[in-house]
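Next comes model-v6.txt, with compact mmCIF, C-alpha atoms and all ligand atoms.
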```txt
# COMPACT_ATOMS: atom_id res chain seq x y z
CA MET E 12 -0.54 26.28 49.89
CA SER E 13 0.98 28.90 52.16
CA GLY E 14 0.20 29.70 55.82
CA ILE E 15 -0.55 33.17 57.10
CA ASN E 16 3.12 33.86 57.58
CA GLY E 17 3.93 32.66 54.10
CA LYS E 18 5.27 29.37 55.42
CA THR E 19 4.33 26.08 53.87
CA ALA E 20 1.33 24.20 55.19
CA PRO E 21 1.23 20.41 55.15
CA ASP E 22 0.16 18.86 51.86
CA ASP E 23 -3.52 18.22 52.65
CA SER E 24 -4.01 15.68 49.86
CA THR E 25 -2.47 13.03 52.12
CA ALA E 26 -4.54 13.75 55.17
CA ILE E 27 -8.23 13.85 54.21
CA ASP E 28 -10.33 10.78 54.95
CA GLU E 29 -13.47 9.63 53.11
CA LYS E 30 -15.72 11.95 55.18
CA GLY E 31 -13.57 14.94 54.29
CA ILE E 32 -12.10 15.11 57.79
CA PHE E 33 -8.60 16.48 57.84
CA GLN E 34 -6.50 14.27 60.11
CA GLU E 35 -3.34 16.15 60.87
CA ALA E 36 -1.69 13.27 62.63
CA ASP E 37 1.69 14.97 62.56
CA VAL E 38 0.27 18.09 64.22
CA THR E 39 -2.07 16.50 66.78
CA GLY E 40 -0.31 16.02 70.06
CA SER E 41 2.70 18.09 69.05
CA GLU E 42 3.58 21.74 69.48
CA ILE E 43 2.22 24.04 66.79
CA ARG E 44 4.98 23.98 64.20
CA TYR E 45 4.92 26.60 61.54
CA ILE E 46 2.89 29.38 63.00
CA ASN E 47 3.97 31.44 65.90
CA ARG E 48 0.69 32.60 67.35
CA SER E 49 -0.19 33.76 70.81
CA MET E 50 -3.73 33.10 71.81
CA CYS E 51 -6.47 34.87 73.75
CA ILE E 52 -9.84 33.33 74.58
CA VAL E 53 -12.66 35.79 75.22
CA GLY E 54 -15.40 34.30 77.44
CA LEU E 55 -14.37 31.52 79.84
CA ASP E 56 -17.33 29.40 80.74
CA TYR E 57 -18.72 26.10 79.43
CA VAL E 58 -17.18 26.62 75.97
CA GLY E 59 -14.22 28.96 76.50
CA LEU E 60 -12.61 27.36 79.54
CA PRO E 61 -12.18 23.78 78.22
CA LEU E 62 -10.71 25.28 75.04
CA ALA E 63 -8.33 27.47 77.03
CA VAL E 64 -7.22 24.45 79.03
CA GLU E 65 -6.55 22.30 75.95
CA PHE E 66 -4.65 25.09 74.20
CA GLY E 67 -2.90 25.91 77.47
CA LYS E 68 -1.31 22.44 77.31
CA LYS E 69 0.38 23.50 74.03
CA MET E 70 1.05 27.21 74.24
CA GLN E 71 0.81 30.30 76.39
CA VAL E 72 -2.86 31.32 76.53
CA THR E 73 -4.53 34.46 77.84
CA GLY E 74 -8.04 33.91 79.13
CA TYR E 75 -10.15 37.05 79.27
CA ASP E 76 -13.62 37.19 80.83
CA ILE E 77 -15.72 40.23 81.66
CA SER E 78 -16.72 38.67 85.00
CA LYS E 79 -14.30 39.51 87.84
CA GLU E 80 -15.88 36.78 89.94
CA ARG E 81 -15.21 34.15 87.27
CA ILE E 82 -11.58 35.29 86.86
CA LYS E 83 -11.06 35.21 90.64
CA GLN E 84 -12.36 31.62 90.78
CA LEU E 85 -10.22 30.51 87.87
CA LYS E 86 -7.11 32.12 89.34
CA GLU E 87 -7.83 30.19 92.53
CA GLY E 88 -7.84 27.04 90.38
CA HIS E 89 -11.53 26.23 90.52
CA ASP E 90 -14.12 25.82 87.74
CA TYR E 91 -17.65 25.97 89.12
CA THR E 92 -19.08 24.30 85.97
CA GLY E 93 -17.22 21.09 86.79
CA GLU E 94 -16.15 20.76 83.13
CA VAL E 95 -12.48 21.15 84.09
CA SER E 96 -11.10 19.55 87.22
CA ASP E 97 -9.20 21.70 89.70
CA SER E 98 -6.03 19.62 89.22
CA GLU E 99 -6.16 20.02 85.42
CA LEU E 100 -6.78 23.75 85.76
CA ARG E 101 -3.76 24.18 88.00
CA MET E 102 -1.52 22.25 85.61
CA VAL E 103 -1.95 24.53 82.58
CA LYS E 104 -0.35 27.87 81.81
CA ILE E 105 -3.18 30.35 81.33
CA ASP E 106 -3.07 34.06 82.21
CA PHE E 107 -6.60 34.69 83.50
CA THR E 108 -7.63 38.33 83.39
CA PHE E 109 -10.58 40.71 83.29
CA ASP E 110 -8.38 43.38 81.73
CA PRO E 111 -9.39 43.62 78.04
CA SER E 112 -6.07 45.23 77.04
CA ALA E 113 -4.53 41.76 77.48
CA ILE E 114 -6.21 40.81 74.19
CA SER E 115 -3.68 43.00 72.35
CA LYS E 116 -0.83 40.66 73.32
CA SER E 117 -2.36 37.94 71.15
CA ASN E 118 -2.75 37.46 67.43
CA PHE E 119 -5.20 34.54 67.53
CA VAL E 120 -8.40 35.45 69.36
CA ILE E 121 -11.21 33.00 70.10
CA VAL E 122 -14.58 34.50 71.06
CA ALA E 123 -16.84 32.20 73.10
CA VAL E 124 -19.52 34.42 74.61
CA PRO E 125 -23.25 33.65 75.02
CA THR E 126 -25.78 34.12 72.22
CA PRO E 127 -29.17 33.97 73.96
CA ILE E 128 -32.65 34.93 72.82
CA ASP E 129 -34.65 37.90 74.11
CA GLU E 130 -38.11 37.83 75.67
CA GLY E 131 -39.70 37.80 72.23
CA LYS E 132 -37.59 34.73 71.34
CA LYS E 133 -35.52 36.68 68.86
CA PRO E 134 -31.70 36.34 68.70
CA ASP E 135 -30.05 38.65 71.21
CA LEU E 136 -26.64 39.42 69.73
CA ASN E 137 -25.82 42.20 72.18
CA ILE E 138 -23.26 40.19 74.17
CA LEU E 139 -21.54 39.03 70.99
CA LYS E 140 -21.49 42.59 69.64
CA LYS E 141 -20.04 43.89 72.91
CA ALA E 142 -17.34 41.22 72.82
CA ALA E 143 -16.56 42.14 69.18
CA GLU E 144 -16.26 45.80 70.27
CA THR E 145 -13.85 44.82 73.04
CA VAL E 146 -11.75 42.80 70.60
CA ASP E 147 -11.86 45.71 68.17
CA ARG E 148 -10.49 48.17 70.74
CA ASN E 149 -7.66 45.85 71.71
CA LEU E 150 -6.76 44.23 68.42
CA SER E 151 -3.24 43.88 67.12
CA LYS E 152 -2.63 44.04 63.41
CA GLY E 153 -2.39 40.70 61.60
CA SER E 154 -4.69 38.90 64.03
CA ILE E 155 -7.14 36.15 63.25
CA ILE E 156 -10.37 36.32 65.23
CA VAL E 157 -12.54 33.23 65.34
CA PHE E 158 -16.02 32.91 66.79
CA GLU E 159 -17.17 29.76 68.58
CA SER E 160 -20.54 31.15 69.66
CA THR E 161 -23.60 29.71 67.94
CA VAL E 162 -25.15 32.16 65.48
CA TYR E 163 -27.21 32.15 62.28
CA PRO E 164 -25.49 32.22 58.88
CA ARG E 165 -23.70 35.48 57.98
CA VAL E 166 -23.45 36.89 61.53
CA THR E 167 -19.64 36.60 61.58
CA GLU E 168 -19.07 38.48 58.35
CA ASP E 169 -22.08 40.82 58.27
CA ILE E 170 -22.27 41.80 61.95
CA CYS E 171 -18.97 41.03 63.72
CA VAL E 172 -16.53 42.09 60.99
CA PRO E 173 -17.93 45.65 60.58
CA ILE E 174 -17.80 46.11 64.38
CA ILE E 175 -14.17 45.01 64.46
CA GLU E 176 -13.30 47.34 61.56
CA TRP E 177 -15.09 50.30 63.16
CA GLU E 178 -12.85 51.59 65.95
CA SER E 179 -9.59 49.86 65.15
CA GLY E 180 -9.59 51.40 61.70
CA PHE E 181 -8.13 48.08 60.56
CA GLN E 182 -9.14 46.76 57.19
CA TYR E 183 -10.77 43.35 56.96
CA MET E 184 -8.66 40.79 55.06
CA LYS E 185 -5.67 43.11 55.03
CA ASP E 186 -5.14 43.89 58.73
CA PHE E 187 -7.19 41.11 60.31
CA LYS E 188 -8.98 37.94 59.26
CA VAL E 189 -11.83 35.94 60.72
CA GLY E 190 -13.01 32.37 60.95
CA TYR E 191 -15.83 30.34 62.40
CA PRO E 192 -14.98 27.02 64.11
CA PRO E 193 -18.20 26.33 66.03
CA GLU E 194 -18.15 24.58 69.38
CA ARG E 195 -19.90 21.19 69.58
CA ILE E 196 -19.19 20.13 73.16
CA ASN E 197 -21.81 18.41 75.24
CA PRO E 198 -21.37 19.51 78.87
CA GLY E 199 -21.49 16.70 81.38
CA ASP E 200 -20.53 14.16 78.69
CA LYS E 201 -17.25 12.53 79.72
CA GLU E 202 -17.10 10.40 76.54
CA HIS E 203 -17.44 13.10 73.84
CA THR E 204 -14.94 15.62 75.14
CA ILE E 205 -13.49 18.57 73.30
CA THR E 206 -10.50 16.80 71.75
CA GLY E 207 -12.56 13.80 70.66
CA ILE E 208 -15.17 15.70 68.64
CA VAL E 209 -14.45 16.43 64.97
CA LYS E 210 -14.02 20.18 64.63
CA VAL E 211 -15.72 21.97 61.74
CA VAL E 212 -13.53 24.92 60.82
CA SER E 213 -13.87 27.75 58.32
CA GLY E 214 -11.91 30.85 57.43
CA CYS E 215 -12.35 33.97 55.36
CA ASP E 216 -9.63 32.85 52.92
CA GLU E 217 -7.24 29.99 52.25
CA ASP E 218 -4.44 31.40 54.41
CA SER E 219 -6.58 31.99 57.48
CA LEU E 220 -8.21 28.59 57.03
CA GLU E 221 -4.83 26.87 56.98
CA THR E 222 -3.79 28.62 60.17
CA ILE E 223 -7.10 27.79 61.86
CA VAL E 224 -6.74 24.15 60.77
CA GLU E 225 -3.27 24.01 62.24
CA VAL E 226 -4.21 25.72 65.49
CA TYR E 227 -7.21 23.45 66.14
CA GLY E 228 -5.44 20.42 64.66
CA SER E 229 -2.93 20.75 67.48
CA ILE E 230 -5.55 19.85 70.10
CA ILE E 231 -8.38 18.01 68.30
CA LYS E 232 -7.51 14.32 68.11
CA ALA E 233 -10.67 13.49 66.12
CA GLY E 234 -9.56 15.68 63.20
CA VAL E 235 -10.87 18.87 61.65
CA TYR E 236 -13.34 19.30 58.79
CA LYS E 237 -12.77 22.28 56.52
CA ALA E 238 -16.12 23.86 55.65
CA PRO E 239 -15.99 25.68 52.31
CA SER E 240 -17.10 29.00 53.82
CA ILE E 241 -17.87 30.71 57.09
CA LYS E 242 -21.60 30.76 56.36
CA VAL E 243 -21.63 26.99 55.71
CA ALA E 244 -19.97 26.39 59.10
CA GLU E 245 -22.44 28.75 60.82
CA ALA E 246 -25.39 26.97 59.20
CA ALA E 247 -24.00 23.49 59.97
CA LYS E 248 -23.67 24.31 63.67
CA VAL E 249 -27.14 25.72 64.06
CA ILE E 250 -28.87 22.85 62.24
CA GLU E 251 -27.23 20.21 64.47
CA ASN E 252 -29.29 21.48 67.37
CA ILE E 253 -32.40 22.07 65.26
CA GLN E 254 -32.34 18.45 64.12
CA ARG E 255 -32.25 17.26 67.74
CA ASP E 256 -35.01 19.65 68.73
CA ILE E 257 -37.33 18.46 65.95
CA ASN E 258 -36.66 14.79 66.65
CA ILE E 259 -37.39 15.22 70.36
CA ALA E 260 -40.52 17.23 69.48
CA LEU E 261 -41.73 14.32 67.36
CA MET E 262 -41.22 11.95 70.30
CA ASN E 263 -43.07 14.36 72.58
CA GLU E 264 -45.99 14.51 70.17
CA LEU E 265 -46.04 10.71 69.93
CA LYS E 266 -46.07 10.53 73.73
CA MET E 267 -49.10 12.80 73.90
CA ILE E 268 -50.90 10.63 71.33
CA PHE E 269 -50.00 7.34 73.04
CA ASP E 270 -50.95 8.69 76.47
CA LYS E 271 -54.42 9.43 75.11
CA ILE E 272 -54.92 5.88 73.90
CA GLY E 273 -53.20 4.17 76.84
CA ILE E 274 -50.03 2.88 75.20
CA GLU E 275 -46.65 3.06 76.97
CA THR E 276 -44.44 5.23 74.70
CA GLU E 277 -41.14 3.70 75.85
CA GLU E 278 -42.47 0.24 74.95
CA VAL E 279 -43.38 1.49 71.46
CA LEU E 280 -39.91 3.00 71.00
CA LYS E 281 -38.21 -0.17 72.20
CA ALA E 282 -40.09 -2.16 69.58
CA ALA E 283 -39.60 0.42 66.80
CA LYS E 284 -35.87 0.77 67.31
CA THR E 285 -35.31 -2.85 66.40
CA LYS E 286 -35.39 -1.48 62.83
CA TRP E 287 -31.85 -0.52 61.77
CA ASN E 288 -32.73 3.00 60.66
CA PHE E 289 -35.09 4.03 63.48
CA LEU E 290 -33.47 6.99 65.27
CA ASN E 291 -32.89 6.77 69.00
CA PHE E 292 -34.78 9.75 70.42
CA HIS E 293 -37.00 9.94 73.49
CA PRO E 294 -39.66 12.30 74.76
CA GLY E 295 -38.63 14.82 77.40
CA LEU E 296 -38.06 18.40 78.46
CA VAL E 297 -35.80 20.45 76.17
CA GLY E 298 -34.00 23.24 78.00
CA GLY E 299 -30.48 24.64 78.21
CA HIS E 300 -29.07 27.40 76.07
CA CYS E 301 -28.40 25.44 72.90
CA ILE E 302 -31.18 23.15 71.66
CA SER E 303 -33.99 25.27 73.06
CA VAL E 304 -32.46 28.51 71.77
CA ASP E 305 -30.62 27.88 68.50
CA PRO E 306 -33.74 27.05 66.41
CA TYR E 307 -34.93 30.63 67.01
CA TYR E 308 -31.68 31.88 65.46
CA LEU E 309 -32.27 30.12 62.15
CA ALA E 310 -36.01 30.87 62.34
CA HIS E 311 -35.21 34.57 62.63
CA MET E 312 -32.90 34.47 59.64
CA ALA E 313 -35.34 32.36 57.60
CA THR E 314 -38.18 34.80 58.24
CA ALA E 315 -35.98 37.75 57.26
CA ALA E 316 -35.12 35.88 54.07
CA GLY E 317 -38.83 35.42 53.28
CA HIS E 318 -39.39 31.84 54.41
CA TYR E 319 -41.63 31.01 57.36
CA PRO E 320 -39.92 28.09 59.17
CA GLU E 321 -43.05 26.17 60.04
CA MET E 322 -41.49 22.89 61.13
CA ILE E 323 -38.68 24.47 63.15
CA LEU E 324 -41.14 26.59 65.12
CA ALA E 325 -43.65 23.74 65.51
CA GLY E 326 -40.88 21.70 67.15
CA ARG E 327 -40.10 24.57 69.50
CA TRP E 328 -43.74 25.04 70.35
CA ILE E 329 -44.29 21.36 71.19
CA ASN E 330 -41.11 21.13 73.29
CA ASP E 331 -41.91 24.32 75.19
CA GLU E 332 -45.34 22.89 76.06
CA MET E 333 -43.95 19.76 77.70
CA ALA E 334 -43.47 21.20 81.20
CA GLY E 335 -47.18 22.11 81.31
CA TYR E 336 -48.12 18.75 79.80
CA GLY E 337 -46.13 16.84 82.43
CA THR E 338 -47.73 18.80 85.24
CA SER E 339 -51.26 18.31 83.95
CA ARG E 340 -50.57 14.55 83.69
CA ILE E 341 -49.42 14.43 87.33
CA ILE E 342 -52.56 16.26 88.45
CA LYS E 343 -54.83 13.98 86.40
CA ASP E 344 -53.09 10.90 87.84
CA MET E 345 -53.54 12.27 91.36
CA ILE E 346 -57.26 12.84 90.73
CA ARG E 347 -57.57 9.35 89.26
CA ASN E 348 -55.93 7.95 92.40
CA ASP E 349 -58.09 10.02 94.81
CA LEU E 350 -55.09 12.02 96.04
CA PRO E 351 -55.81 15.52 97.37
CA ILE E 352 -54.34 18.22 95.11
CA LYS E 353 -54.39 21.20 97.46
CA GLY E 354 -51.41 21.06 99.82
CA ALA E 355 -50.01 17.93 98.20
CA ARG E 356 -46.23 17.67 98.55
CA VAL E 357 -44.20 17.03 95.41
CA LEU E 358 -40.55 15.95 95.43
CA VAL E 359 -38.64 17.12 92.34
CA LEU E 360 -35.50 15.12 91.65
CA GLY E 361 -33.05 17.00 89.42
CA ALA E 362 -33.06 20.67 88.51
CA ALA E 363 -30.59 21.10 85.63
CA PHE E 364 -31.58 20.90 81.95
CA LYS E 365 -29.92 17.50 81.58
CA PRO E 366 -28.11 14.90 83.68
CA ASP E 367 -24.61 15.49 85.07
CA VAL E 368 -24.48 19.27 84.56
CA LYS E 369 -24.60 22.00 87.16
CA ASP E 370 -26.15 24.53 84.80
CA LEU E 371 -29.60 25.54 86.06
CA ARG E 372 -30.15 28.26 83.47
CA ASN E 373 -33.07 27.80 81.12
CA SER E 374 -33.99 24.48 82.70
CA LYS E 375 -37.52 23.36 81.94
CA VAL E 376 -37.58 21.76 85.39
CA GLU E 377 -37.88 25.31 86.66
CA ASP E 378 -40.95 25.81 84.40
CA SER E 379 -42.48 22.59 85.74
CA VAL E 380 -41.92 23.70 89.32
CA SER E 381 -43.49 27.11 88.78
CA ILE E 382 -46.48 25.54 87.03
CA ARG E 383 -46.86 23.12 89.93
CA GLU E 384 -46.54 25.92 92.46
CA ASN E 385 -49.42 27.66 90.69
CA SER E 386 -51.38 24.44 91.01
CA CYS E 387 -51.38 24.58 94.85
CA LEU E 388 -48.82 21.75 95.10
CA ALA E 389 -46.03 22.19 97.65
CA ILE E 390 -42.69 21.58 95.95
CA ARG E 391 -39.52 20.15 97.49
CA GLY E 392 -36.34 19.85 95.44
N1 LIG E 401 -22.70 25.36 76.67
C1 LIG E 401 -22.76 24.52 75.66
O1 LIG E 401 -23.04 23.34 75.79
C2 LIG E 401 -22.46 25.00 74.26
C3 LIG E 401 -22.12 24.05 73.28
C4 LIG E 401 -21.82 24.50 72.01
C5 LIG E 401 -21.91 25.86 71.70
N2 LIG E 401 -22.28 26.74 72.67
C6 LIG E 401 -22.34 28.16 72.31
O2 LIG E 401 -21.13 28.77 72.76
C7 LIG E 401 -21.37 30.11 73.23
C8 LIG E 401 -20.90 30.25 74.66
O3 LIG E 401 -21.61 29.34 75.46
P1 LIG E 401 -21.33 29.12 77.01
O4 LIG E 401 -22.25 28.01 77.42
O5 LIG E 401 -19.88 28.99 77.28
O6 LIG E 401 -21.84 30.51 77.58
P2 LIG E 401 -21.92 30.96 79.11
O7 LIG E 401 -23.10 31.83 79.24
O8 LIG E 401 -21.85 29.76 79.98
O9 LIG E 401 -20.56 31.78 79.38
C9 LIG E 401 -20.03 32.75 78.65
C10 LIG E 401 -18.90 33.50 79.38
O10 LIG E 401 -18.69 34.68 78.62
C11 LIG E 401 -18.45 35.74 79.51
N3 LIG E 401 -18.73 37.01 78.81
C12 LIG E 401 -19.91 37.59 78.53
N4 LIG E 401 -19.72 38.74 77.86
C13 LIG E 401 -18.39 38.87 77.70
C14 LIG E 401 -17.57 39.85 77.08
N5 LIG E 401 -18.08 40.92 76.46
N6 LIG E 401 -16.24 39.69 77.12
C15 LIG E 401 -15.69 38.60 77.74
N7 LIG E 401 -16.41 37.65 78.34
C16 LIG E 401 -17.75 37.78 78.32
C17 LIG E 401 -19.36 35.46 80.69
O11 LIG E 401 -18.91 36.16 81.85
C18 LIG E 401 -19.23 33.94 80.80
O12 LIG E 401 -18.16 33.58 81.67
C19 LIG E 401 -22.87 30.35 73.02
O13 LIG E 401 -23.07 30.93 71.76
C20 LIG E 401 -23.45 28.94 73.01
O14 LIG E 401 -24.65 28.85 72.29
C21 LIG E 401 -22.53 26.35 73.96
```
Just give me the structure of the file as structure tokens.
Amino acid sequence: MSGINGKTAPDDSTAIDEKGIFQEADVTGSEIRYINRSMCIVGLDYVGLPLAVEFGKKMQVTGYDISKERIKQLKEGHDYTGEVSDSELRMVKIDFTFDPSAISKSNFVIVAVPTPIDEGKKPDLNILKKAAETVDRNLSKGSIIVFESTVYPRVTEDICVPIIEWESGFQYMKDFKVGYPPERINPGDKEHTITGIVKVVSGCDEDSLETIVEVYGSIIKAGVYKAPSIKVAEAAKVIENIQRDINIALMNELKMIFDKIGIETEEVLKAAKTKWNFLNFHPGLVGGHCISVDPYYLAHMATAAGHYPEMILAGRWINDEMAGYGTSRIIKDMIRNDLPIKGARVLVLGAAFKPDVKDLRNSKVEDSVSIRENSCLAIRG
């Protein structure tokens, strides 16, 4: 099998374990051997920055972000997300810039920009499209562009590729190639960090896939898994979060049932999980910009393909209702305990969408607080 530069890739028959995970032991921890690629990461926040730092330990990396403020902070050696420590950030060699022309110095481009939903809960691909346009205007021939942003199947090839072809005049597969190695990090989680999570990778052809395997294999200690196509990798990423969403929704529904009949849900779960195959999920608020957003991406695609995704949307609906449910339970408990509602003071502990993160965006705690404010309760946080 030959790499993108026609050089020989490692014989993969020796390196694949029983789960199909490609363990490039001879590449992990070493310098990238047979490709001579310079890298640019587009979008430097929760996903892009930790990647830039890991790659920066191996090679010269350019980090481009549209936000001048973010670039200023990073140049000063500080990451406000707390995902990368200041000392680690200062140790690596990354050229941080808000000048998009810097992209042209690289021939391996990683795009890690947000993929939110709009007010109607439909995928909002505008930021991704804008980033693809920027890459397109600053692309050098022979580049591989990979997308780490979460999308629905076919976005990379049907939406991003035509944008990249448009202004550059470059021809897909001949002048540039693409891949999709989705990010799976869990911000705030110090155990499952970027290098310790198996990386699913995909490429538009064998050559690009081999290069992508080698590039990521150089930093991912847990190994890389080669998905057979870009659309398989896109689908695999989005369903990881959908599965969590549905499982939490089930727990939330069980909680509502058990509350009605006066059973403590946590006690039920403790008893049930003594069975070996009972899954360890708990009721709670589902916020953030992954689990509470990604199901709408697949739902959108499913509907367009003629399938109404009943279960996926039911899970979303239940989880979105939980802030209101929690508030109504507090008010009922206060009434039951003869506590005055009007003017009552409520202390809210925690504001982010999950423990140990600083990210307040899309936190359902914010929904709970606004519902409580509308209920005449005074909130302190
Ligand atoms: N945060 C997570 O836990 C997580 C985990 C896995 C996957 N993802 C996915 O990865 C993607 C990125 O997530 P994130 O949490 O890092 O997003 P984010 O919103 O935290 O940050 C994205 C960064 O991209 C920059 N940006 C926006 N438009 C740009 C452009 N045109 N050019 C250059 N930079 C631009 C922003 O200034 C920001 O610094 C999303 O698709 C998300 O769903 C996120």
Quick one: residues within 8 Å of E:Ala362, only C-alpha atoms counted, chain neighbours fewer than 3 positions away excluded, as a PDB file with C-alpha atoms, keeping the file's coordinate frame?
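Just written: part-v3.pdb:
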```
ATOM      1  CA  VAL E 359     -38.640  17.120  92.340  1.00  0.00           C
ATOM      2  CA  LEU E 371     -29.600  25.540  86.060  1.00  0.00           C
ATOM      3  CA  SER E 374     -33.990  24.480  82.700  1.00  0.00           C
ATOM      4  CA  VAL E 376     -37.580  21.760  85.390  1.00  0.00           C
ATOM      5  CA  GLU E 377     -37.880  25.310  86.660  1.00  0.00           C
ATOM      6  CA  GLY E 392     -36.340  19.850  95.440  1.00  0.00           C
TER       7      GLY E 392
END
```
Item to check | Selected residue of minimal separation from E:Ile253 among E:Tyr163, E:Tyr336, E:Tyr227, E:Tyr191, counting all atoms listed in the file | outcome: E:Tyr163
Item to check | Nearest to ligand LIG 401 (chain E) by atom-to-atom distance, counting all atoms listed in the file, from E:Val189, E:Met262, E:Val103, E:Ala143 | outcome: E:Ala143
Item to check | Selected residue of minimal separation from E:Asp106 among E:Met50, E:Ile342, E:Asp367, E:Lys141, counting all atoms listed in the file | outcome: E:Met50
Item to check | Neighbour residues at most 7 Å from (-38.5, 23.9, 69.7) (all atoms listed in the file) as an MDAnalysis selection string | outcome: chainID E and resid 256:257 260 303 306 323:331
Each residue of chain E lying at most 8 Å from ligand LIG 401 (chain E) should get a row with its shortest atom-to-atom pair and the distance in Å to one decimal, counting all atoms listed in the file; could you produce that, ordered by chain and increasing number, as CSV?
```
residue,atom,partner,partner_atom,distance
E:Val53,CA,E:LIG401,C15,4.8
E:Gly54,CA,E:LIG401,O10,3.5
E:Leu55,CA,E:LIG401,O12,4.7
E:Asp56,CA,E:LIG401,O9,4.2
E:Tyr57,CA,E:LIG401,O5,3.8
E:Val58,CA,E:LIG401,O5,3.8
E:Gly59,CA,E:LIG401,O5,5.7
E:Leu60,CA,E:LIG401,O5,7.8
E:Tyr75,CA,E:LIG401,C15,6.0
E:Asp76,CA,E:LIG401,N7,3.8
E:Ile77,CA,E:LIG401,C15,4.2
E:Ser78,CA,E:LIG401,O11,4.6
E:Arg81,CA,E:LIG401,O12,6.4
E:Phe109,CA,E:LIG401,C15,7.8
E:Pro111,CA,E:LIG401,N6,8.0
E:Val122,CA,E:LIG401,C15,7.9
E:Ala123,CA,E:LIG401,C8,4.8
E:Val124,CA,E:LIG401,O10,4.1
E:Pro125,CA,E:LIG401,C19,3.9
E:Thr126,CA,E:LIG401,O13,4.2
E:Pro127,CA,E:LIG401,O14,7.0
E:Ile138,CA,E:LIG401,N4,5.3
E:Leu139,CA,E:LIG401,N5,6.7
E:Lys140,CA,E:LIG401,N5,7.8
E:Lys141,CA,E:LIG401,N5,5.0
E:Ala142,CA,E:LIG401,N5,3.7
E:Ala143,CA,E:LIG401,N5,7.5
E:Thr145,CA,E:LIG401,N5,6.7
E:Glu159,CA,E:LIG401,O2,5.8
E:Ser160,CA,E:LIG401,O13,3.3
E:Thr161,CA,E:LIG401,O13,4.0
E:Val162,CA,E:LIG401,O13,6.7
E:Pro193,CA,E:LIG401,C5,6.8
E:Glu194,CA,E:LIG401,C4,4.5
E:Arg195,CA,E:LIG401,C4,4.5
E:Ile196,CA,E:LIG401,C3,4.9
E:Asn197,CA,E:LIG401,O1,5.1
E:Pro198,CA,E:LIG401,O1,5.2
E:Gly299,CA,E:LIG401,O1,7.9
E:His300,CA,E:LIG401,O14,6.0
E:Cys301,CA,E:LIG401,O14,5.1
E:Val304,CA,E:LIG401,O14,7.8
E:Asp305,CA,E:LIG401,O14,7.1
```
Your completed stretch 285-298 of chain E with N, CA and C atoms, as a PDB file, in the coordinates of the input:
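Full text of result_4.pdb as output:
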```
ATOM      1  N   THR E 285     -35.923  -1.622  66.910  1.00  0.00           N
ATOM      2  CA  THR E 285     -35.310  -2.850  66.400  1.00  0.00           C
ATOM      3  C   THR E 285     -35.070  -2.728  64.897  1.00  0.00           C
ATOM      4  N   LYS E 286     -35.700  -1.715  64.246  1.00  0.00           N
ATOM      5  CA  LYS E 286     -35.390  -1.480  62.830  1.00  0.00           C
ATOM      6  C   LYS E 286     -34.085  -0.679  62.755  1.00  0.00           C
ATOM      7  N   TRP E 287     -33.207  -1.084  61.818  1.00  0.00           N
ATOM      8  CA  TRP E 287     -31.850  -0.520  61.770  1.00  0.00           C
ATOM      9  C   TRP E 287     -31.831   0.989  61.605  1.00  0.00           C
ATOM     10  N   ASN E 288     -32.838   1.563  60.936  1.00  0.00           N
ATOM     11  CA  ASN E 288     -32.730   3.000  60.660  1.00  0.00           C
ATOM     12  C   ASN E 288     -33.704   3.842  61.508  1.00  0.00           C
ATOM     13  N   PHE E 289     -34.237   3.241  62.579  1.00  0.00           N
ATOM     14  CA  PHE E 289     -35.090   4.030  63.480  1.00  0.00           C
ATOM     15  C   PHE E 289     -34.188   4.824  64.423  1.00  0.00           C
ATOM     16  N   LEU E 290     -34.398   6.140  64.493  1.00  0.00           N
ATOM     17  CA  LEU E 290     -33.470   6.990  65.270  1.00  0.00           C
ATOM     18  C   LEU E 290     -33.793   6.928  66.759  1.00  0.00           C
ATOM     19  N   ASN E 291     -32.737   6.968  67.558  1.00  0.00           N
ATOM     20  CA  ASN E 291     -32.890   6.770  69.000  1.00  0.00           C
ATOM     21  C   ASN E 291     -33.164   8.084  69.744  1.00  0.00           C
ATOM     22  N   PHE E 292     -34.389   8.549  69.673  1.00  0.00           N
ATOM     23  CA  PHE E 292     -34.780   9.750  70.420  1.00  0.00           C
ATOM     24  C   PHE E 292     -35.885   9.390  71.400  1.00  0.00           C
ATOM     25  N   HIS E 293     -35.992  10.199  72.456  1.00  0.00           N
ATOM     26  CA  HIS E 293     -37.000   9.940  73.490  1.00  0.00           C
ATOM     27  C   HIS E 293     -37.731  11.223  73.828  1.00  0.00           C
ATOM     28  N   PRO E 294     -38.961  11.088  74.334  1.00  0.00           N
ATOM     29  CA  PRO E 294     -39.660  12.300  74.760  1.00  0.00           C
ATOM     30  C   PRO E 294     -38.997  12.908  75.991  1.00  0.00           C
ATOM     31  N   GLY E 295     -39.194  14.196  76.201  1.00  0.00           N
ATOM     32  CA  GLY E 295     -38.630  14.820  77.400  1.00  0.00           C
ATOM     33  C   GLY E 295     -38.637  16.325  77.319  1.00  0.00           C
ATOM     34  N   LEU E 296     -38.146  16.940  78.405  1.00  0.00           N
ATOM     35  CA  LEU E 296     -38.060  18.400  78.460  1.00  0.00           C
ATOM     36  C   LEU E 296     -36.825  18.857  77.682  1.00  0.00           C
ATOM     37  N   VAL E 297     -36.950  19.923  76.916  1.00  0.00           N
ATOM     38  CA  VAL E 297     -35.800  20.450  76.170  1.00  0.00           C
ATOM     39  C   VAL E 297     -35.480  21.843  76.686  1.00  0.00           C
ATOM     40  N   GLY E 298     -34.399  21.933  77.462  1.00  0.00           N
ATOM     41  CA  GLY E 298     -34.000  23.240  78.000  1.00  0.00           C
ATOM     42  C   GLY E 298     -32.574  23.551  77.611  1.00  0.00           C
TER      43      GLY E 298
END
```
